[in-house]
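Structure file coords-v3.cif with mmCIF, C-alpha atoms and all ligand atoms:
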```cif
data_my_file
loop_
_atom_site.group_PDB
_atom_site.id
_atom_site.type_symbol
_atom_site.label_atom_id
_atom_site.label_comp_id
_atom_site.auth_asym_id
_atom_site.auth_seq_id
_atom_site.Cartn_x
_atom_site.Cartn_y
_atom_site.Cartn_z
ATOM 1 C CA MET A 1 207.199 -119.942 -11.417
ATOM 2 C CA LYS A 2 204.911 -119.384 -14.365
ATOM 3 C CA GLU A 3 207.810 -120.154 -16.660
ATOM 4 C CA LEU A 4 207.385 -123.802 -15.854
ATOM 5 C CA GLN A 5 204.364 -123.953 -18.089
ATOM 6 C CA LYS A 6 206.379 -122.843 -21.056
ATOM 7 C CA GLN A 7 208.321 -126.019 -21.131
ATOM 8 C CA PRO A 8 207.661 -128.235 -24.067
ATOM 9 C CA ILE A 9 205.441 -131.224 -23.542
ATOM 10 C CA GLY A 10 207.513 -134.283 -22.980
ATOM 11 C CA TYR A 11 209.662 -132.852 -20.269
ATOM 12 C CA LYS A 12 209.205 -133.188 -16.591
ATOM 13 C CA LYS A 13 207.567 -130.215 -15.043
ATOM 14 C CA LYS A 14 209.127 -130.332 -11.662
ATOM 15 C CA LEU A 15 212.469 -130.285 -9.981
ATOM 16 C CA ASN A 16 214.155 -128.757 -12.930
ATOM 17 C CA VAL A 17 214.234 -125.117 -12.134
ATOM 18 C CA ILE A 18 217.031 -123.604 -10.188
ATOM 19 C CA SER A 19 217.106 -120.169 -8.951
ATOM 20 C CA LEU A 20 220.240 -118.342 -8.304
ATOM 21 C CA ILE A 21 220.864 -115.326 -6.282
ATOM 22 C CA LEU A 22 223.580 -113.487 -7.963
ATOM 23 C CA SER A 23 225.659 -110.719 -6.762
ATOM 24 C CA ALA A 24 225.067 -108.134 -9.339
ATOM 25 C CA PHE A 25 226.393 -104.748 -9.922
ATOM 26 C CA PHE A 26 224.461 -102.292 -11.881
ATOM 27 C CA PHE A 27 226.183 -99.552 -13.706
ATOM 28 C CA LYS A 28 224.118 -97.214 -15.794
ATOM 29 C CA LYS A 29 221.329 -99.775 -16.240
ATOM 30 C CA LYS A 30 223.762 -102.254 -17.723
ATOM 31 C CA ILE A 31 223.875 -105.481 -15.902
ATOM 32 C CA SER A 32 227.295 -106.720 -15.156
ATOM 33 C CA VAL A 33 226.959 -109.947 -13.363
ATOM 34 C CA ASN A 34 229.651 -111.696 -11.547
ATOM 35 C CA VAL A 35 228.262 -115.137 -11.272
ATOM 36 C CA HIS A 36 229.481 -118.120 -9.508
ATOM 37 C CA LEU A 37 227.125 -120.672 -10.818
ATOM 38 C CA ILE A 38 226.778 -124.012 -9.210
ATOM 39 C CA SER A 39 224.078 -126.231 -10.416
ATOM 40 C CA VAL A 40 223.300 -129.836 -10.545
ATOM 41 C CA ARG A 41 222.528 -130.924 -14.013
ATOM 42 C CA MET A 42 221.569 -134.477 -14.719
ATOM 43 C CA GLY A 43 223.350 -135.465 -11.538
ATOM 44 C CA GLU A 44 226.479 -133.639 -12.591
ATOM 45 C CA ARG A 45 227.908 -130.704 -10.738
ATOM 46 C CA VAL A 46 228.600 -127.723 -12.915
ATOM 47 C CA SER A 47 230.624 -124.863 -11.618
ATOM 48 C CA MET A 48 231.551 -121.813 -13.574
ATOM 49 C CA GLU A 49 232.093 -118.134 -13.330
ATOM 50 C CA GLY A 50 231.388 -115.359 -15.715
ATOM 51 C CA ASN A 51 229.735 -112.045 -16.229
ATOM 52 C CA ASN A 52 227.554 -112.702 -19.220
ATOM 53 C CA THR A 53 224.339 -114.588 -18.639
ATOM 54 C CA ASP A 54 224.007 -115.694 -22.272
ATOM 55 C CA ALA A 55 227.496 -117.124 -22.398
ATOM 56 C CA LEU A 56 226.952 -118.780 -19.077
ATOM 57 C CA ALA A 57 223.757 -120.306 -20.244
ATOM 58 C CA GLN A 58 225.472 -121.643 -23.302
ATOM 59 C CA ARG A 59 228.324 -123.125 -21.357
ATOM 60 C CA SER A 60 226.182 -124.652 -18.676
ATOM 61 C CA GLY A 61 223.521 -125.960 -21.020
ATOM 62 C CA LEU A 62 220.941 -124.153 -18.939
ATOM 63 C CA VAL A 63 218.088 -122.284 -20.457
ATOM 64 C CA PRO A 64 217.745 -118.745 -19.190
ATOM 65 C CA THR A 65 214.218 -117.497 -19.030
ATOM 66 C CA ALA A 66 214.954 -113.855 -19.682
ATOM 67 C CA ASN A 67 213.235 -113.222 -16.448
ATOM 68 C CA ILE A 68 215.660 -111.112 -14.582
ATOM 69 C CA LYS A 69 214.337 -109.358 -11.578
ATOM 70 C CA HIS A 70 216.595 -107.014 -9.794
ATOM 71 C CA ARG A 71 216.245 -105.434 -6.489
ATOM 72 C CA GLN A 72 218.856 -103.065 -5.429
ATOM 73 C CA LYS A 73 222.105 -104.887 -5.769
ATOM 74 C CA TYR A 74 220.788 -108.321 -6.255
ATOM 75 C CA ALA A 75 219.422 -110.016 -9.322
ATOM 76 C CA ARG A 76 217.574 -113.217 -9.325
ATOM 77 C CA ILE A 77 217.804 -115.164 -12.491
ATOM 78 C CA PHE A 78 215.746 -118.226 -13.162
ATOM 79 C CA PHE A 79 217.201 -120.964 -15.251
ATOM 80 C CA PHE A 80 215.671 -124.091 -16.522
ATOM 81 C CA LEU A 81 217.706 -127.191 -16.522
ATOM 82 C CA PRO A 82 217.465 -128.918 -19.849
ATOM 83 C CA ALA A 83 214.882 -131.098 -18.233
ATOM 84 C CA ALA A 84 215.166 -134.783 -17.896
ATOM 85 C CA ASP A 85 213.252 -136.438 -20.679
ATOM 86 C CA VAL A 86 210.023 -138.143 -19.709
ATOM 87 C CA ASN A 87 209.685 -141.606 -21.121
ATOM 88 C CA GLU A 88 206.026 -141.310 -22.066
ATOM 89 C CA CYS A 89 205.936 -144.871 -23.292
ATOM 90 C CA LYS A 90 206.946 -146.159 -19.873
ATOM 91 C CA VAL A 91 204.865 -143.703 -17.874
ATOM 92 C CA TYR A 92 201.668 -144.399 -19.758
ATOM 93 C CA LYS A 93 202.253 -148.102 -19.589
ATOM 94 C CA LEU A 94 202.601 -147.916 -15.816
ATOM 95 C CA GLU A 95 199.667 -145.599 -15.353
ATOM 96 C CA GLY A 96 197.489 -147.782 -17.521
ATOM 97 C CA ALA A 97 196.113 -144.665 -19.146
ATOM 98 C CA SER A 98 194.609 -144.776 -22.587
ATOM 99 C CA ARG A 99 197.292 -146.179 -24.814
ATOM 100 C CA LEU A 100 199.505 -143.682 -26.513
ATOM 101 C CA CYS A 101 200.121 -145.933 -29.453
ATOM 102 C CA MET A 102 198.082 -148.673 -31.013
ATOM 103 C CA HIS A 103 201.193 -150.800 -31.387
ATOM 104 C CA THR A 104 204.721 -149.740 -30.423
ATOM 105 C CA CYS A 105 205.690 -146.589 -28.575
ATOM 106 C CA ILE A 106 209.192 -145.276 -29.171
ATOM 107 C CA ASN A 107 210.562 -142.744 -26.740
ATOM 108 C CA ILE A 108 212.595 -139.919 -28.249
ATOM 109 C CA PRO A 109 214.169 -136.976 -26.406
ATOM 110 C CA GLY A 110 211.373 -134.673 -25.348
ATOM 111 C CA SER A 111 208.694 -136.676 -27.075
ATOM 112 C CA TYR A 112 207.686 -140.067 -28.394
ATOM 113 C CA ARG A 113 206.460 -141.581 -31.604
ATOM 114 C CA CYS A 114 204.395 -144.580 -32.547
ATOM 115 C CA SER A 115 205.288 -147.314 -34.953
ATOM 116 C CA CYS A 116 203.306 -150.101 -36.564
ATOM 117 C CA PRO A 117 204.144 -153.687 -37.432
ATOM 118 C CA SER A 118 205.016 -154.660 -40.968
ATOM 119 C CA GLY A 119 201.980 -154.701 -43.233
ATOM 120 C CA TYR A 120 200.529 -151.633 -41.506
ATOM 121 C CA ARG A 121 201.197 -147.954 -41.790
ATOM 122 C CA LEU A 122 200.844 -145.246 -39.202
ATOM 123 C CA PHE A 123 197.515 -143.502 -39.567
ATOM 124 C CA GLY A 124 197.223 -139.709 -39.778
ATOM 125 C CA ASP A 125 196.583 -139.420 -36.033
ATOM 126 C CA GLY A 126 200.153 -140.585 -35.405
ATOM 127 C CA LYS A 127 198.822 -143.261 -33.090
ATOM 128 C CA SER A 128 196.727 -145.805 -34.945
ATOM 129 C CA CYS A 129 197.885 -148.459 -37.338
ATOM 130 C CA GLU A 130 196.152 -148.885 -40.635
ATOM 131 C CA ASP A 131 196.365 -152.037 -42.675
ATOM 132 C CA ILE A 132 197.954 -151.721 -46.086
ATOM 133 C CA ASP A 133 195.582 -153.096 -48.715
ATOM 134 C CA GLU A 134 198.044 -154.994 -50.879
ATOM 135 C CA CYS A 135 195.255 -156.121 -53.187
ATOM 136 C CA VAL A 136 194.072 -152.630 -54.073
ATOM 137 C CA LEU A 137 197.608 -151.255 -54.268
ATOM 138 C CA SER A 138 198.753 -154.179 -56.431
ATOM 139 C CA LEU A 139 201.490 -155.062 -53.943
ATOM 140 C CA HIS A 140 200.541 -158.727 -54.006
ATOM 141 C CA ASN A 141 202.128 -161.544 -55.946
ATOM 142 C CA CYS A 142 199.041 -163.677 -56.457
ATOM 143 C CA SER A 143 199.294 -165.739 -59.611
ATOM 144 C CA THR A 144 196.653 -165.690 -62.298
ATOM 145 C CA GLY A 145 193.774 -167.918 -61.396
ATOM 146 C CA THR A 146 193.942 -166.881 -57.754
ATOM 147 C CA MET A 147 192.267 -163.936 -56.099
ATOM 148 C CA CYS A 148 193.944 -161.549 -53.704
ATOM 149 C CA VAL A 149 192.185 -161.174 -50.358
ATOM 150 C CA ASN A 150 193.370 -158.374 -48.143
ATOM 151 C CA THR A 151 193.987 -159.317 -44.502
ATOM 152 C CA GLY A 152 195.176 -157.450 -41.427
ATOM 153 C CA GLY A 153 198.932 -157.116 -41.861
ATOM 154 C CA GLY A 154 199.091 -159.059 -45.104
ATOM 155 C CA PHE A 155 197.128 -160.662 -47.890
ATOM 156 C CA GLN A 156 196.174 -164.112 -49.096
ATOM 157 C CA CYS A 157 195.915 -165.570 -52.560
ATOM 158 C CA VAL A 158 192.815 -167.721 -52.700
ATOM 159 C CA ASN A 159 191.467 -170.122 -55.216
ATOM 160 C CA SER A 160 187.796 -171.029 -54.804
ATOM 161 C CA GLU A 161 187.510 -174.387 -56.458
ATOM 162 C CA CYS A 162 184.254 -176.158 -57.146
ATOM 163 C CA PRO A 163 183.994 -179.779 -55.968
ATOM 164 C CA LYS A 164 185.089 -182.374 -58.457
ATOM 165 C CA PRO A 165 182.252 -184.238 -60.196
ATOM 166 C CA SER A 166 181.052 -187.166 -58.125
ATOM 167 C CA GLY A 167 178.464 -189.609 -59.426
ATOM 168 C CA ASN A 168 175.911 -187.516 -61.231
ATOM 169 C CA VAL A 169 176.657 -184.362 -59.205
ATOM 170 C CA SER A 170 178.820 -181.739 -60.831
ATOM 171 C CA TYR A 171 179.348 -178.038 -60.478
ATOM 172 C CA VAL A 172 180.191 -175.092 -62.659
ATOM 173 C CA LYS A 173 181.705 -171.844 -61.573
ATOM 174 C CA THR A 174 179.242 -168.998 -62.040
ATOM 175 C CA SER A 175 181.356 -166.277 -60.456
ATOM 176 C CA PRO A 176 184.814 -166.071 -58.853
ATOM 177 C CA PHE A 177 183.264 -167.025 -55.520
ATOM 178 C CA GLN A 178 180.313 -169.212 -56.461
ATOM 179 C CA CYS A 179 179.670 -172.686 -57.844
ATOM 180 C CA GLU A 180 176.293 -173.972 -59.020
ATOM 181 C CA ARG A 181 175.212 -177.527 -59.395
ATOM 182 C CA THR A 182 174.405 -178.574 -62.923
ATOM 183 C CA PRO A 183 170.797 -179.831 -63.351
ATOM 184 C CA CYS A 184 170.213 -183.225 -61.766
ATOM 185 C CA PRO A 185 168.801 -186.219 -63.620
ATOM 186 C CA MET A 186 165.104 -186.422 -62.732
ATOM 187 C CA ASP A 187 165.408 -189.669 -60.800
ATOM 188 C CA SER A 188 168.531 -188.872 -58.804
ATOM 189 C CA ARG A 189 167.613 -188.264 -55.190
ATOM 190 C CA SER A 190 171.229 -187.941 -54.014
ATOM 191 C CA CYS A 191 171.921 -185.237 -56.587
ATOM 192 C CA HIS A 192 168.819 -183.371 -55.485
ATOM 193 C CA TYR A 193 170.115 -183.349 -51.879
ATOM 194 C CA ALA A 194 173.603 -182.186 -52.832
ATOM 195 C CA PRO A 195 174.183 -178.457 -52.334
ATOM 196 C CA LYS A 196 172.591 -176.449 -55.103
ATOM 197 C CA THR A 197 175.031 -173.609 -54.652
ATOM 198 C CA ILE A 198 178.393 -173.411 -52.939
ATOM 199 C CA SER A 199 179.694 -169.946 -52.199
ATOM 200 C CA PHE A 200 183.078 -168.899 -50.861
ATOM 201 C CA HIS A 201 183.654 -166.102 -48.396
ATOM 202 C CA TYR A 202 186.892 -164.741 -47.003
ATOM 203 C CA LEU A 203 186.822 -162.688 -43.854
ATOM 204 C CA PRO A 204 189.790 -160.882 -42.384
ATOM 205 C CA LEU A 205 189.358 -160.507 -38.617
ATOM 206 C CA PRO A 206 191.416 -158.922 -35.873
ATOM 207 C CA SER A 207 192.651 -161.009 -32.963
ATOM 208 C CA ASN A 208 190.556 -161.288 -29.811
ATOM 209 C CA LEU A 209 187.407 -159.833 -31.282
ATOM 210 C CA VAL A 210 184.746 -159.115 -28.687
ATOM 211 C CA THR A 211 182.083 -161.793 -28.695
ATOM 212 C CA PRO A 212 179.344 -162.531 -29.547
ATOM 213 C CA THR A 213 179.722 -160.995 -32.987
ATOM 214 C CA VAL A 214 177.752 -161.707 -36.135
ATOM 215 C CA LEU A 215 180.284 -162.609 -38.811
ATOM 216 C CA PHE A 216 178.156 -163.646 -41.695
ATOM 217 C CA ARG A 217 174.559 -163.669 -42.916
ATOM 218 C CA MET A 218 172.984 -166.094 -45.274
ATOM 219 C CA ALA A 219 169.628 -165.385 -46.871
ATOM 220 C CA THR A 220 167.319 -167.079 -49.291
ATOM 221 C CA ALA A 221 166.411 -165.561 -52.591
ATOM 222 C CA SER A 222 163.468 -166.881 -54.511
ATOM 223 C CA ALA A 223 163.332 -166.669 -58.260
ATOM 224 C CA PRO A 224 160.943 -163.986 -59.531
ATOM 225 C CA GLY A 225 157.425 -165.280 -60.030
ATOM 226 C CA ARG A 226 158.068 -168.413 -58.012
ATOM 227 C CA PRO A 227 157.084 -168.911 -54.405
ATOM 228 C CA GLY A 228 160.038 -168.876 -52.059
ATOM 229 C CA PRO A 229 160.587 -171.504 -49.399
ATOM 230 C CA ASP A 230 158.290 -171.226 -46.411
ATOM 231 C CA SER A 231 160.871 -172.423 -43.939
ATOM 232 C CA LEU A 232 164.626 -172.531 -43.606
ATOM 233 C CA ARG A 233 167.050 -174.567 -41.560
ATOM 234 C CA PHE A 234 170.586 -173.505 -40.859
ATOM 235 C CA GLY A 235 173.507 -175.473 -39.589
ATOM 236 C CA ILE A 236 177.258 -175.692 -39.269
ATOM 237 C CA VAL A 237 178.342 -178.597 -41.377
ATOM 238 C CA GLY A 238 182.101 -178.420 -41.367
ATOM 239 C CA GLY A 239 185.213 -176.578 -40.396
ATOM 240 C CA ASN A 240 188.184 -176.885 -38.128
ATOM 241 C CA SER A 241 186.963 -174.783 -35.172
ATOM 242 C CA ARG A 242 183.264 -175.419 -34.935
ATOM 243 C CA GLY A 243 183.146 -174.724 -31.213
ATOM 244 C CA HIS A 244 183.819 -171.063 -31.864
ATOM 245 C CA PHE A 245 180.602 -170.535 -33.802
ATOM 246 C CA VAL A 246 176.845 -170.747 -33.599
ATOM 247 C CA MET A 247 174.583 -170.617 -36.637
ATOM 248 C CA GLN A 248 171.036 -169.485 -36.044
ATOM 249 C CA ARG A 249 168.049 -168.053 -37.797
ATOM 250 C CA SER A 250 167.720 -164.320 -37.341
ATOM 251 C CA ASP A 251 164.495 -163.748 -39.253
ATOM 252 C CA ARG A 252 162.227 -165.569 -41.698
ATOM 253 C CA GLN A 253 164.659 -165.236 -44.566
ATOM 254 C CA THR A 254 168.042 -165.002 -42.902
ATOM 255 C CA GLY A 255 170.449 -166.973 -40.791
ATOM 256 C CA GLU A 256 173.562 -165.683 -39.125
ATOM 257 C CA LEU A 257 176.890 -167.107 -38.135
ATOM 258 C CA ILE A 258 177.899 -165.845 -34.721
ATOM 259 C CA LEU A 259 181.382 -165.936 -33.291
ATOM 260 C CA VAL A 260 180.932 -166.949 -29.666
ATOM 261 C CA GLN A 261 184.553 -167.553 -28.651
ATOM 262 C CA SER A 262 187.125 -165.006 -29.650
ATOM 263 C CA LEU A 263 189.920 -166.095 -31.909
ATOM 264 C CA GLN A 264 193.599 -165.495 -31.273
ATOM 265 C CA GLY A 265 195.699 -164.878 -34.356
ATOM 266 C CA PRO A 266 197.556 -165.379 -36.433
ATOM 267 C CA GLN A 267 195.559 -168.286 -37.704
ATOM 268 C CA THR A 268 193.257 -169.303 -40.509
ATOM 269 C CA ILE A 269 189.959 -170.938 -39.694
ATOM 270 C CA GLN A 270 187.406 -172.539 -41.927
ATOM 271 C CA VAL A 271 183.767 -172.974 -41.184
ATOM 272 C CA GLU A 272 181.122 -174.340 -43.486
ATOM 273 C CA VAL A 273 177.466 -173.525 -43.015
ATOM 274 C CA ASP A 274 174.367 -174.616 -44.863
ATOM 275 C CA MET A 275 170.848 -173.433 -45.399
ATOM 276 C CA SER A 276 168.109 -175.875 -46.383
ATOM 277 C CA GLU A 277 164.937 -174.597 -47.941
ATOM 278 C CA TYR A 278 161.603 -176.266 -47.367
ATOM 279 C CA LEU A 279 158.231 -175.697 -48.953
ATOM 280 C CA GLY A 280 155.335 -177.297 -47.096
ATOM 281 C CA ARG A 281 157.781 -179.566 -45.225
ATOM 282 C CA SER A 282 159.227 -180.856 -48.414
ATOM 283 C CA PHE A 283 162.913 -180.339 -49.014
ATOM 284 C CA GLN A 284 163.613 -177.961 -51.886
ATOM 285 C CA ALA A 285 167.311 -177.185 -51.978
ATOM 286 C CA LYS A 286 170.428 -176.773 -49.913
ATOM 287 C CA HIS A 287 172.984 -173.994 -50.147
ATOM 288 C CA VAL A 288 176.435 -174.142 -48.675
ATOM 289 C CA SER A 289 178.739 -171.274 -47.731
ATOM 290 C CA LYS A 290 182.387 -171.990 -47.105
ATOM 291 C CA ILE A 291 183.833 -169.279 -44.946
ATOM 292 C CA THR A 292 187.545 -168.812 -44.440
ATOM 293 C CA ILE A 293 188.562 -166.484 -41.629
ATOM 294 C CA PHE A 294 192.016 -164.944 -41.595
ATOM 295 C CA VAL A 295 192.730 -163.864 -38.049
ATOM 296 C CA SER A 296 195.366 -161.151 -37.819
ATOM 297 C CA ALA A 297 198.243 -161.397 -35.362
ATOM 298 C CA TYR A 298 197.089 -158.143 -33.767
ATOM 299 C CA GLU A 299 193.919 -156.672 -32.397
ATOM 300 C CA PHE A 300 193.668 -154.437 -35.431
HETATM 301 CA CA CA A 401 196.766 -156.003 -45.726
#
```
So, in terms of structure tokens, how does the structure I just supplied come out?
Amino acid sequence: MKELQKQPIGYKKKLNVISLILSAFFFKKKISVNVHLISVRMGERVSMEGNNTDALAQRSGLVPTANIKHRQKYARIFFFLPAADVNECKVYKLEGASRLCMHTCINIPGSYRCSCPSGYRLFGDGKSCEDIDECVLSLHNCSTGTMCVNTGGGFQCVNSECPKPSGNVSYVKTSPFQCERTPCPMDSRSCHYAPKTISFHYLPLPSNLVTPTVLFRMATASAPGRPGPDSLRFGIVGGNSRGHFVMQRSDRQTGELILVQSLQGPQTIQVEVDMSEYLGRSFQAKHVSKITIFVSAYEF
């Protein structure tokens, strides 16, 4: 029964071998077989007669193993039924074994293949899905003045706009993702307390990310030759899902935004955090980071 192991992966390895005892007549080492073959193939009864094993095999759809043993006047020939296909997708789903495919499993005769949702391509391992970076591949349709941000399964066109001037507070764009406050009049306390910098961050995230996870770090940078702040305070100051996050100091110079409740996509979430710098208990400046999180529809 060693032949069983020769079967291609993807076929059942049991109940698909039939053995036949054939009346055989041997004349001068030539096998002349008079076969009355009855087999059950895929629930169907096949009956045929012949004297040529190859032709029989062809007609019956059986696979001869070329393993013909003869003993005196009898020959035993093993045949393999074209085995019933194993639906790996179903089997593995039931067994709860490590997933065959990251996304969709498609059963095909004798095998299976994986497929990925739109916006992803099948990775080289034939199993994983890899996001297509529309921004890098110039597959996006973002208009001028907007920036392409790659996300899981798609992309977003973003426009990081500085706040409109209000009172004596106004901002200028210093980079595609940063606004800086223009110098305040000496006597304006409210201007001094307005954010000195506003930065924009766009994070693509998979669905149902394991928590807690650090999503973002914010650190202070002192100008060369000037003393930096001696203390920092961090907080969450805005956003539409504040309960999902915690902002805390991680070391003297850094604060981190931690996701504490996993997010189910697809959805877009905004969270705004700030960092206030103090020197000898006196307020120096405030910096704001506006973080937009694009949660993918999938866990990849
Ligand atoms: Ca993408």
Self-check item: All residues having an atom within 8 Å of ligand CA 401 (chain A) (only C-alpha atoms and all ligand atoms) as a VMD selection string
Solution: chain A and resid 119 to 120 131 to 135 150 to 155
Practice problem: Rank nothing, just name the residue among A:Pro163, A:Pro195, A:Gly243, A:Gly280 nearest to Ser231 (chain A), using all atoms listed in the file. | Solution: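 Smallest distance to Ser231 (chain A) is found for A:Gly280.
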Quiz item: Within 10 Å of His244 (chain A), counting only C-alpha atoms, which residues qualify if same-chain residues fewer than 3 places away don't, as a VMD selection string?
Solution: chain A and resid 211 to 212 240 to 241 258 to 263 269 271
Self-check item: Point-to-point distance in Å for CA of Ile291 (chain A) and CA of Tyr202 (chain A)
Solution: 5.8 Å
Practice problem: For CA of Phe294 (chain A) and CA of His201 (chain A), determine how far apart the two atoms are, in Å to one decimal place. | Solution: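 Answer for the CA of Phe294 (chain A) to CA of His201 (chain A) separation: 10.8 Å.
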Exercise. Work out how far apart CA of Arg249 (chain A) and CA of Ser296 (chain A) are and give it in Å to one decimal.
Key: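 CA of Arg249 (chain A) sits 28.2 Å away from CA of Ser296 (chain A).
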Practice problem: Using all atoms listed in the file, find the one residue out of A:Pro227, A:Val149, A:Gln267, A:Gly239 that sits nearest to Val136 (chain A). | Solution: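 Closest to Val136 (chain A), using all atoms listed in the file: A:Val149.
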